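S.K.: Can you read through this structure? Questions will come right after.
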Amino acid sequence: MTAKLIILALTKRWTYVIIGAILLIIGVVVFAGGHVIKPTEVSGTISKIVDSQTDTGAYDHSEITLNETSTVYTFNMNDLQPKWPDEVVKDGKIDIWTDQGSTDAIAIQTYDQTDSNPVMYTTDLYRNPNHGITNAHNAGIFWGIFGVLFLAFGLLWPIFPWGKKKQKQPAFAVAGYHAPVGVQTGFPPQPQPGYPPPGAYPPQFQPGYPPQPGYPPQPGAYPPQPQAGYPPQQPQYPPYPPQQPGQGGWPQPPNQ
């Protein structure tokens with residue numbers, strides 16, 4: 001589930017913008033925190049030294065606790081010169097130097113069982129106090145560069161192929177449009193609003209009523225038409241005599 005959420009987040013533009021802004025803020029804070037190291041000495045007797053390891057079992061750092069205070073001081077034996085010994089005297093005298101306001105040891109001095117023959121182990125920050133500025137500036141620039149890259153990637157997301165919005169294809173069939181009769185559109189006919197589609201209901205018949213036969217033609221309604229290749233038919237009715245003046249029709253003008 002977590003892997004799916006991470007993959008989904010990496011496909012979003014604002015994920016890179018947020019990550020870039022956070023890294024940029026970290027870079028600014030680290031850069032501004034650079035300062036010249038001011039060693040502060042603390043002396044006492046060793047209560048215990050505990051080595052801390054990572055989840056994989058590799059060495060991470062060591063912690064020193066003094067009998068005189070409850071403060072826990074940390075250091076990395078790989079940063080010390082000369083090499084840190086495998087064993088130190090239990091309850092032996094020890095001097096620790098830290099940066100002002102910090103509990104990270106930048107130098108440690110141990111003694112033998114008679115509290116004599118001191119051996120001092122130092123880090124680069126103790127030997128070169130000005131590296132407190134340069135180291136912080138380098139680390140701040142490092143984080144800042146990654147922040148700018150992530151931020152730029154998120155802001156420029158739309159110009160990349162995967163950030164462009166897909167154009168919607170125009171619809172070929174418009175709601176309410178019906179092609180004229182005889183025009184093939186490639187789409188099935190659309191039903192008219194308010195009417196069922198064709199063929200939705202079978203033809204209805206009135207039960208109990210047989211179909212009505214057709215009506216035969218009425219004889220004598222029209223005179224028969226002459227057929228090609230046959231002699232003309234004699235009229236069945238005698239011709240009417242011509243009309244005499246004054247017998248129906250329009251009145252005739254008087255003779256002059």
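Chain identifiers are assigned as A, B, and so on, following the order in which chains appear in the structure tokens; residues are numbered from 1 within each chain, and ligands are numbered from 1 in order of appearance.
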Show me, as a list in words, the residues that have an atom within 6 Å of region 91-107 of chain A when counting only C-alpha atoms, minus same-chain residues fewer than 6 positions from it.

M.R.: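 So, after excluding close chain neighbours, the residues are Ile37, Lys38, Pro39, Thr40, Glu41, Val42, Ser43, Gly44, Thr45, Ile46, Ser47, Tyr73, Thr74, Phe75, Asp115, Tyr121, Thr122, Thr123 and Tyr126 of chain A.
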
S.K.: Can you work out the spacing between CA of Ile133 (chain A) and CA of Val36 (chain A) in Å, to one decimal?

M.R.: 5.9 Å
